[in-house]
Structure formats: C-alpha cells, structure tokens
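Participant: Got final30.pdb for you, PDB, C-alpha atoms:
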ATOM      1  CA  MET A   1      13.712  19.412  -2.312
ATOM      2  CA  GLU A   2      17.402  18.621  -2.035
ATOM      3  CA  PRO A   3      19.327  20.009  -5.022
ATOM      4  CA  PHE A   4      21.593  17.850  -7.173
ATOM      5  CA  VAL A   5      24.499  19.317  -9.123
ATOM      6  CA  ARG A   6      27.073  16.518  -9.077
ATOM      7  CA  THR A   7      28.107  13.642  -6.888
ATOM      8  CA  THR A   8      30.999  11.223  -6.674
ATOM      9  CA  GLY A   9      30.206   8.035  -4.836
ATOM     10  CA  VAL A  10      30.464   4.273  -4.622
ATOM     11  CA  ALA A  11      28.465   2.508  -7.331
ATOM     12  CA  ALA A  12      26.472  -0.664  -6.706
ATOM     13  CA  ALA A  13      25.453  -2.859  -9.631
ATOM     14  CA  ILE A  14      22.194  -4.802  -9.762
ATOM     15  CA  ILE A  15      22.039  -5.844 -13.388
ATOM     16  CA  ARG A  16      18.565  -7.276 -13.832
ATOM     17  CA  ASN A  17      16.068  -6.159 -16.427
ATOM     18  CA  ASN A  18      12.491  -5.149 -15.598
ATOM     19  CA  ILE A  19      12.993  -4.556 -11.890
ATOM     20  CA  ASP A  20       9.562  -3.197 -11.047
ATOM     21  CA  THR A  21       8.450  -0.857  -8.296
ATOM     22  CA  ASP A  22       7.140  -3.776  -6.231
ATOM     23  CA  GLN A  23      10.666  -5.203  -6.150
ATOM     24  CA  ILE A  24      12.170  -1.806  -5.330
ATOM     25  CA  SER A  25       9.710  -1.183  -2.493
ATOM     26  CA  PRO A  26       7.613  -4.305  -1.857
ATOM     27  CA  GLY A  27       3.959  -3.828  -0.988
ATOM     28  CA  LEU A  28       4.501  -5.431   2.414
ATOM     29  CA  TYR A  29       6.844  -2.565   3.272
ATOM     30  CA  ALA A  30       5.338   0.196   1.130
ATOM     31  CA  ALA A  31       1.879   0.343   2.718
ATOM     32  CA  ASN A  32       1.779   3.292   5.104
ATOM     33  CA  THR A  33       5.560   3.234   5.488
ATOM     34  CA  PRO A  34       6.734   6.121   7.691
ATOM     35  CA  LYS A  35       9.551   8.247   6.327
ATOM     36  CA  GLU A  36      12.183   6.827   8.648
ATOM     37  CA  LYS A  37      11.542   3.272   7.424
ATOM     38  CA  HIS A  38      11.771   3.818   3.661
ATOM     39  CA  ALA A  39      15.480   2.894   3.619
ATOM     40  CA  ALA A  40      14.813  -0.450   5.277
ATOM     41  CA  ALA A  41      12.087  -1.205   2.721
ATOM     42  CA  LEU A  42      14.405  -0.874  -0.303
ATOM     43  CA  PHE A  43      14.624  -4.191  -2.177
ATOM     44  CA  GLY A  44      13.093  -5.781   0.934
ATOM     45  CA  ASN A  45      12.421  -9.178  -0.638
ATOM     46  CA  MET A  46      16.020  -9.396  -1.872
ATOM     47  CA  ARG A  47      17.827  -7.838   1.082
ATOM     48  CA  TYR A  48      16.266 -10.009   3.784
ATOM     49  CA  LEU A  49      15.907 -13.703   4.393
ATOM     50  CA  GLN A  50      12.843 -15.265   5.993
ATOM     51  CA  GLY A  51      12.518 -13.846   9.470
ATOM     52  CA  GLY A  52      14.039 -10.496   8.506
ATOM     53  CA  LYS A  53      17.705 -11.457   8.730
ATOM     54  CA  PRO A  54      19.890  -9.606   6.169
ATOM     55  CA  ASN A  55      20.772 -11.709   3.124
ATOM     56  CA  PRO A  56      24.602 -11.871   3.145
ATOM     57  CA  ASP A  57      24.680 -12.473  -0.614
ATOM     58  CA  PHE A  58      22.774  -9.317  -1.547
ATOM     59  CA  ILE A  59      24.987  -6.511  -2.812
ATOM     60  CA  LEU A  60      23.624  -3.744  -0.591
ATOM     61  CA  ASN A  61      24.386  -5.822   2.513
ATOM     62  CA  LYS A  62      28.087  -5.981   1.651
ATOM     63  CA  THR A  63      30.841  -3.454   2.292
ATOM     64  CA  PRO A  64      31.471  -0.972   0.624
ATOM     65  CA  TRP A  65      28.099  -1.080  -1.157
ATOM     66  CA  THR A  66      26.209  -0.477   2.079
ATOM     67  CA  GLU A  67      27.276   3.144   1.472
ATOM     68  CA  ALA A  68      26.501   3.213  -2.263
ATOM     69  CA  GLU A  69      25.240   6.498  -3.702
ATOM     70  CA  ILE A  70      24.937   5.409  -7.341
ATOM     71  CA  LEU A  71      22.938   2.438  -8.595
ATOM     72  CA  VAL A  72      23.821   0.813 -11.924
ATOM     73  CA  THR A  73      21.043  -1.420 -13.143
ATOM     74  CA  GLY A  74      19.283  -3.050 -16.093
ATOM     75  CA  GLU A  75      16.703  -2.097 -18.682
ATOM     76  CA  ASN A  76      13.221  -0.804 -17.861
ATOM     77  CA  PHE A  77      14.122  -0.088 -14.239
ATOM     78  CA  GLY A  78      11.106   0.913 -12.168
ATOM     79  CA  CYS A  79       8.415  -0.436 -14.455
ATOM     80  CA  GLY A  80       5.096  -1.526 -12.992
ATOM     81  CA  SER A  81       2.936   0.437 -10.567
ATOM     82  CA  SER A  82       3.140   4.148  -9.873
ATOM     83  CA  ARG A  83       4.061   3.889  -6.188
ATOM     84  CA  GLU A  84       6.252   6.812  -5.196
ATOM     85  CA  ALA A  85       7.552   4.777  -2.273
ATOM     86  CA  ALA A  86      10.028   3.188  -4.709
ATOM     87  CA  ALA A  87      11.794   6.507  -5.323
ATOM     88  CA  LYS A  88      11.526   7.430  -1.643
ATOM     89  CA  ALA A  89      13.193   4.156  -0.650
ATOM     90  CA  LEU A  90      16.059   4.677  -3.096
ATOM     91  CA  ARG A  91      16.711   8.172  -1.746
ATOM     92  CA  ALA A  92      16.328   7.167   1.895
ATOM     93  CA  PHE A  93      18.973   4.455   1.454
ATOM     94  CA  GLY A  94      21.375   7.088   0.138
ATOM     95  CA  PHE A  95      21.193   6.875  -3.650
ATOM     96  CA  ARG A  96      21.588  10.167  -5.517
ATOM     97  CA  ALA A  97      21.674   8.735  -9.056
ATOM     98  CA  VAL A  98      20.452   5.646 -10.907
ATOM     99  CA  ILE A  99      22.071   4.669 -14.214
ATOM    100  CA  ALA A 100      20.211   2.345 -16.580
ATOM    101  CA  PRO A 101      19.608   1.790 -20.313
ATOM    102  CA  SER A 102      15.919   2.683 -19.769
ATOM    103  CA  PHE A 103      13.384   3.428 -17.044
ATOM    104  CA  GLY A 104       9.726   2.996 -16.329
ATOM    105  CA  GLY A 105       8.249   6.410 -17.117
ATOM    106  CA  ILE A 106       6.556   7.099 -13.786
ATOM    107  CA  LEU A 107       9.580   6.151 -11.689
ATOM    108  CA  PHE A 108      11.782   8.267 -13.969
ATOM    109  CA  ASN A 109       9.683  11.316 -13.051
ATOM    110  CA  ASN A 110       9.370  10.335  -9.389
ATOM    111  CA  CYS A 111      13.164  10.168  -9.106
ATOM    112  CA  PHE A 112      13.435  13.858  -9.976
ATOM    113  CA  ARG A 113      10.726  14.693  -7.437
ATOM    114  CA  ASN A 114      12.679  12.938  -4.697
ATOM    115  CA  GLY A 115      16.136  14.344  -5.358
ATOM    116  CA  ILE A 116      17.460  11.431  -7.429
ATOM    117  CA  LEU A 117      18.921  11.807 -10.914
ATOM    118  CA  PRO A 118      17.888   9.066 -13.381
ATOM    119  CA  VAL A 119      20.542   8.701 -16.084
ATOM    120  CA  VAL A 120      19.979   6.857 -19.365
ATOM    121  CA  LEU A 121      23.129   5.490 -21.008
ATOM    122  CA  PRO A 122      23.645   2.889 -23.759
ATOM    123  CA  LYS A 123      23.492  -0.717 -22.631
ATOM    124  CA  ASP A 124      27.170  -1.405 -23.373
ATOM    125  CA  VAL A 125      28.249   1.590 -21.268
ATOM    126  CA  VAL A 126      26.005   0.480 -18.396
ATOM    127  CA  GLN A 127      27.551  -2.989 -18.573
ATOM    128  CA  ARG A 128      31.033  -1.462 -18.441
ATOM    129  CA  LEU A 129      30.140   0.630 -15.397
ATOM    130  CA  ALA A 130      28.590  -2.425 -13.738
ATOM    131  CA  GLN A 131      31.742  -4.479 -14.264
ATOM    132  CA  ASP A 132      33.815  -1.714 -12.698
ATOM    133  CA  ALA A 133      31.386  -1.511  -9.772
ATOM    134  CA  GLU A 134      31.590  -5.258  -9.187
ATOM    135  CA  HIS A 135      35.355  -5.684  -9.462
ATOM    136  CA  ALA A 136      37.081  -2.458  -8.389
ATOM    137  CA  ALA A 137      38.964  -2.829  -5.118
ATOM    138  CA  GLY A 138      37.144  -0.898  -2.433
ATOM    139  CA  GLY A 139      34.286  -0.149  -4.805
ATOM    140  CA  ALA A 140      34.212   1.887  -7.996
ATOM    141  CA  ARG A 141      33.646   5.609  -7.460
ATOM    142  CA  ILE A 142      31.661   7.180 -10.278
ATOM    143  CA  THR A 143      31.015  10.887 -10.794
ATOM    144  CA  VAL A 144      27.592  11.928 -12.064
ATOM    145  CA  ASP A 145      27.410  15.584 -13.085
ATOM    146  CA  LEU A 146      23.993  17.030 -13.886
ATOM    147  CA  GLU A 147      25.412  20.472 -14.661
ATOM    148  CA  ALA A 148      27.824  19.075 -17.288
ATOM    149  CA  LEU A 149      25.516  16.150 -18.236
ATOM    150  CA  THR A 150      28.338  13.626 -17.898
ATOM    151  CA  VAL A 151      29.110  10.383 -16.103
ATOM    152  CA  THR A 152      32.799   9.738 -15.406
ATOM    153  CA  ASP A 153      34.092   6.292 -14.480
ATOM    154  CA  THR A 154      37.062   5.318 -12.314
ATOM    155  CA  ASP A 155      39.430   5.441 -15.316
ATOM    156  CA  GLY A 156      38.408   8.981 -16.220
ATOM    157  CA  ASN A 157      36.272   7.975 -19.203
ATOM    158  CA  SER A 158      33.372  10.384 -19.628
ATOM    159  CA  TYR A 159      29.946   9.590 -21.075
ATOM    160  CA  ASN A 160      27.374  12.197 -22.072
ATOM    161  CA  PHE A 161      23.680  11.916 -21.286
ATOM    162  CA  THR A 162      20.603  14.075 -21.734
ATOM    163  CA  SER A 163      18.026  15.186 -19.193
ATOM    164  CA  PRO A 164      14.594  16.852 -19.583
ATOM    165  CA  VAL A 165      15.155  20.617 -19.518
ATOM    166  CA  GLN A 166      12.554  21.558 -16.909
ATOM    167  CA  GLN A 167      13.234  18.634 -14.577
ATOM    168  CA  ARG A 168      16.984  19.238 -14.851
ATOM    169  CA  SER A 169      16.531  22.891 -13.917
ATOM    170  CA  MET A 170      14.315  22.005 -10.966
ATOM    171  CA  LEU A 171      16.735  19.385  -9.623
ATOM    172  CA  LEU A 172      19.764  21.647 -10.012
ATOM    173  CA  GLN A 173      17.977  24.276  -7.920
ATOM    174  CA  GLY A 174      16.257  21.890  -5.530
ATOM    175  CA  LEU A 175      12.756  23.014  -6.537
ATOM    176  CA  ASP A 176       9.578  20.964  -6.441
ATOM    177  CA  GLU A 177       6.622  21.741  -8.726
ATOM    178  CA  ILE A 178       5.148  24.313  -6.342
ATOM    179  CA  ASP A 179       8.477  26.089  -5.838
ATOM    180  CA  PHE A 180       9.088  26.050  -9.592
ATOM    181  CA  THR A 181       5.678  27.613 -10.248
ATOM    182  CA  LEU A 182       6.250  30.283  -7.593
ATOM    183  CA  SER A 183       9.624  31.108  -9.144
ATOM    184  CA  MET A 184       7.652  32.372 -12.156
ATOM    185  CA  ARG A 185       5.433  34.652 -10.054
ATOM    186  CA  GLY A 186       6.428  37.701 -12.126
ATOM    187  CA  GLU A 187       5.376  36.065 -15.389
ATOM    188  CA  ILE A 188       2.146  34.807 -13.810
ATOM    189  CA  GLU A 189       1.220  38.268 -12.532
ATOM    190  CA  ALA A 190       2.056  39.823 -15.901
ATOM    191  CA  PHE A 191      -0.289  37.364 -17.599
ATOM    192  CA  ARG A 192      -3.062  38.018 -15.070
ATOM    193  CA  ASN A 193      -2.778  41.787 -15.527
ATOM    194  CA  ALA A 194      -2.831  41.526 -19.324
ATOM    195  CA  ASP A 195      -5.737  39.092 -19.225
ATOM    196  CA  LYS A 196      -7.641  41.284 -16.772
ATOM    197  CA  ALA A 197      -7.368  44.197 -19.204
ATOM    198  CA  LEU A 198      -8.849  42.041 -21.974
ATOM    199  CA  ARG A 199     -11.515  40.239 -19.887
ATOM    200  CA  PRO A 200     -12.245  42.292 -16.759
ATOM    201  CA  TRP A 201     -15.523  40.473 -16.135
ATOM    202  CA  ILE A 202     -13.642  37.256 -15.345
ATOM    203  CA  TYR A 203     -12.069  38.977 -12.333
ATOM    204  CA  THR A 204     -15.285  40.517 -10.940
ATOM    205  CA  PRO A 205     -16.378  38.500  -7.862
ATOM    206  CA  GLY A 206     -19.942  37.240  -8.031
ATOM    207  CA  LEU A 207     -20.561  38.471 -11.572
ATOM    208  CA  ASN A 208     -23.017  36.252 -13.447
ATOM    209  CA  VAL A 209     -21.986  36.100 -17.097
ATOM    210  CA  GLY A 210     -24.373  33.311 -18.018
TER     211      GLY A 210
END
What does the file become when written as structure tokens?
Facilitator:
Amino acid sequence: MEPFVRTTGVAAAIIRNNIDTDQISPGLYAANTPKEKHAAALFGNMRYLQGGKPNPDFILNKTPWTEAEILVTGENFGCGSSREAAAKALRAFGFRAVIAPSFGGILFNNCFRNGILPVVLPKDVVQRLAQDAEHAAGGARITVDLEALTVTDTDGNSYNFTSPVQQRSMLLQGLDEIDFTLSMRGEIEAFRNADKALRPWIYTPGLNVG
C-alpha cells in the first residue's frame, strides 16, 4: 500500500451531507470495474451528463480542481453500502485525503486500506476550508500532515485532528493488514513457542485429543 505522511495539494469542495457510496461510485460503474476505470467512475452521476459528456458545472470537471488531491465535504460522507469501489475511485482520481465533519464507518476504514487519509474536523472548520477551496485564486492548497496530525490552510492556520493509532501507523508505513501482521512476526513466534511449551499436544500433527 502507498504510504501517506503528508501532502500539500489543491482542495476541492463538495459540501453536501450524506453523500453515500452509491453517489461516490455509482452501481452502474462499480460492478466489475477494472482498476484503470475507477477514476472515471468517481461521482459518475454528477460528473457526466446523459450520453457520458462531462458536466461543465461539476467541480471536478473544472480547472484547477481536475487535479485536486484533497476533498472537503459534508457530514456522514460515505454512508450507505460497504462497497470498497468508493474508496478505490477516490484514490484513482488522485485524492490523498478527505476532510469532513463525519464519515460512514465502513468508508472511513476503507480509505485507510486504499492509501487515503480520512480527516474529521469540526463543521465550522470544514466550512472555512470549503470557502477557501471555492474562492482562492488558482485553487486553495491545503497541507494535511498525518505525522503531525494537523491540517494547515492557505493562510497558515493549523487545525489538529486525531487518527486511530493502528490505522495511522499502517498508513504512515504503507502497510496493509497482512504486512502489518507480518511485521509482528517476532512477537507471533514468541507467543507460539511459549504456548507450545504449555500445550504441546496442540502442535502435534494428527493427535486426537477428543
């Protein structure tokens, strides 16, 4: 998995509450979507007009937000179904961080698994960042720092956030669940050896203890 320590990038604001995973990656696009098409699926029903023509009024079809790396959005972002395609589409488009007052729980976890940092900030701070993103000439550039647990806006104002300890560690190192487990191989082997001394019969192949 791609590690995340910090990023500074253009922020795009889509301030709507309860954007669900079907809106992030619509079912029409999500079903059996190959990896190279996840980016095109992102917000498919909003980004495209009938016939597949890009919607000129949608933020991600406008410069400089076509290159956005940070999404600023509303409450309960990613609610709804558990489809991982939503997180995959966000990452494939180029997003490294999503800032919102709250997230759907499954998408929150899926973001970490796909190299995206979900950041929870108070609603008034999110609104402030969104206003900057919408009105700054050339696009607001926001810095999101997972190591320092801060978000810094274009004026240099810094906002602290928290992140789950294990998921933060995994994302900083670019580890998925398997890699994270293997990183503790020493502890696992120590447990197995201690347990084997206490219960040797468990480790005897074919032994019937019934």
Participant: Work out how far atom CA of A:Ala13 is from atom CA of A:Leu175, in Å to one decimal.
Facilitator: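 Interatomic distance here is 29.0 Å.
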Participant: Quick one: which residues end up in the PyMOL selection byres ((chain A and resi 83-85) around 7) for this structure, as number ranges by chain?
Facilitator: A: 21, 25, 30, 81-82, 86-89, 110
Participant: A:Arg113, A:Lys53, A:Arg192, A:Arg141: which is nearest A:Gly156, counting only C-alpha atoms?
Facilitator: A:Arg141
Participant: To test your reading of the syntax: which residues would the PyMOL selection byres ((chain A and resi 97-109) around 7) return for the file shown? Reply as JSON, numbers by chain.
Facilitator: {"A": [69, 70, 71, 72, 73, 74, 75, 76, 77, 78, 79, 82, 87, 95, 96, 110, 111, 112, 113, 116, 117, 118, 119, 120, 121, 122, 123, 126]}
Participant: Using the chain letters and numbers from the file, which residues does the PyMOL selection byres ((chain A and resi 136) around 12) grab, as an MDAnalysis selection string?
Facilitator: chainID A and resid 10:13 64:65 128:135 137:142 153:155
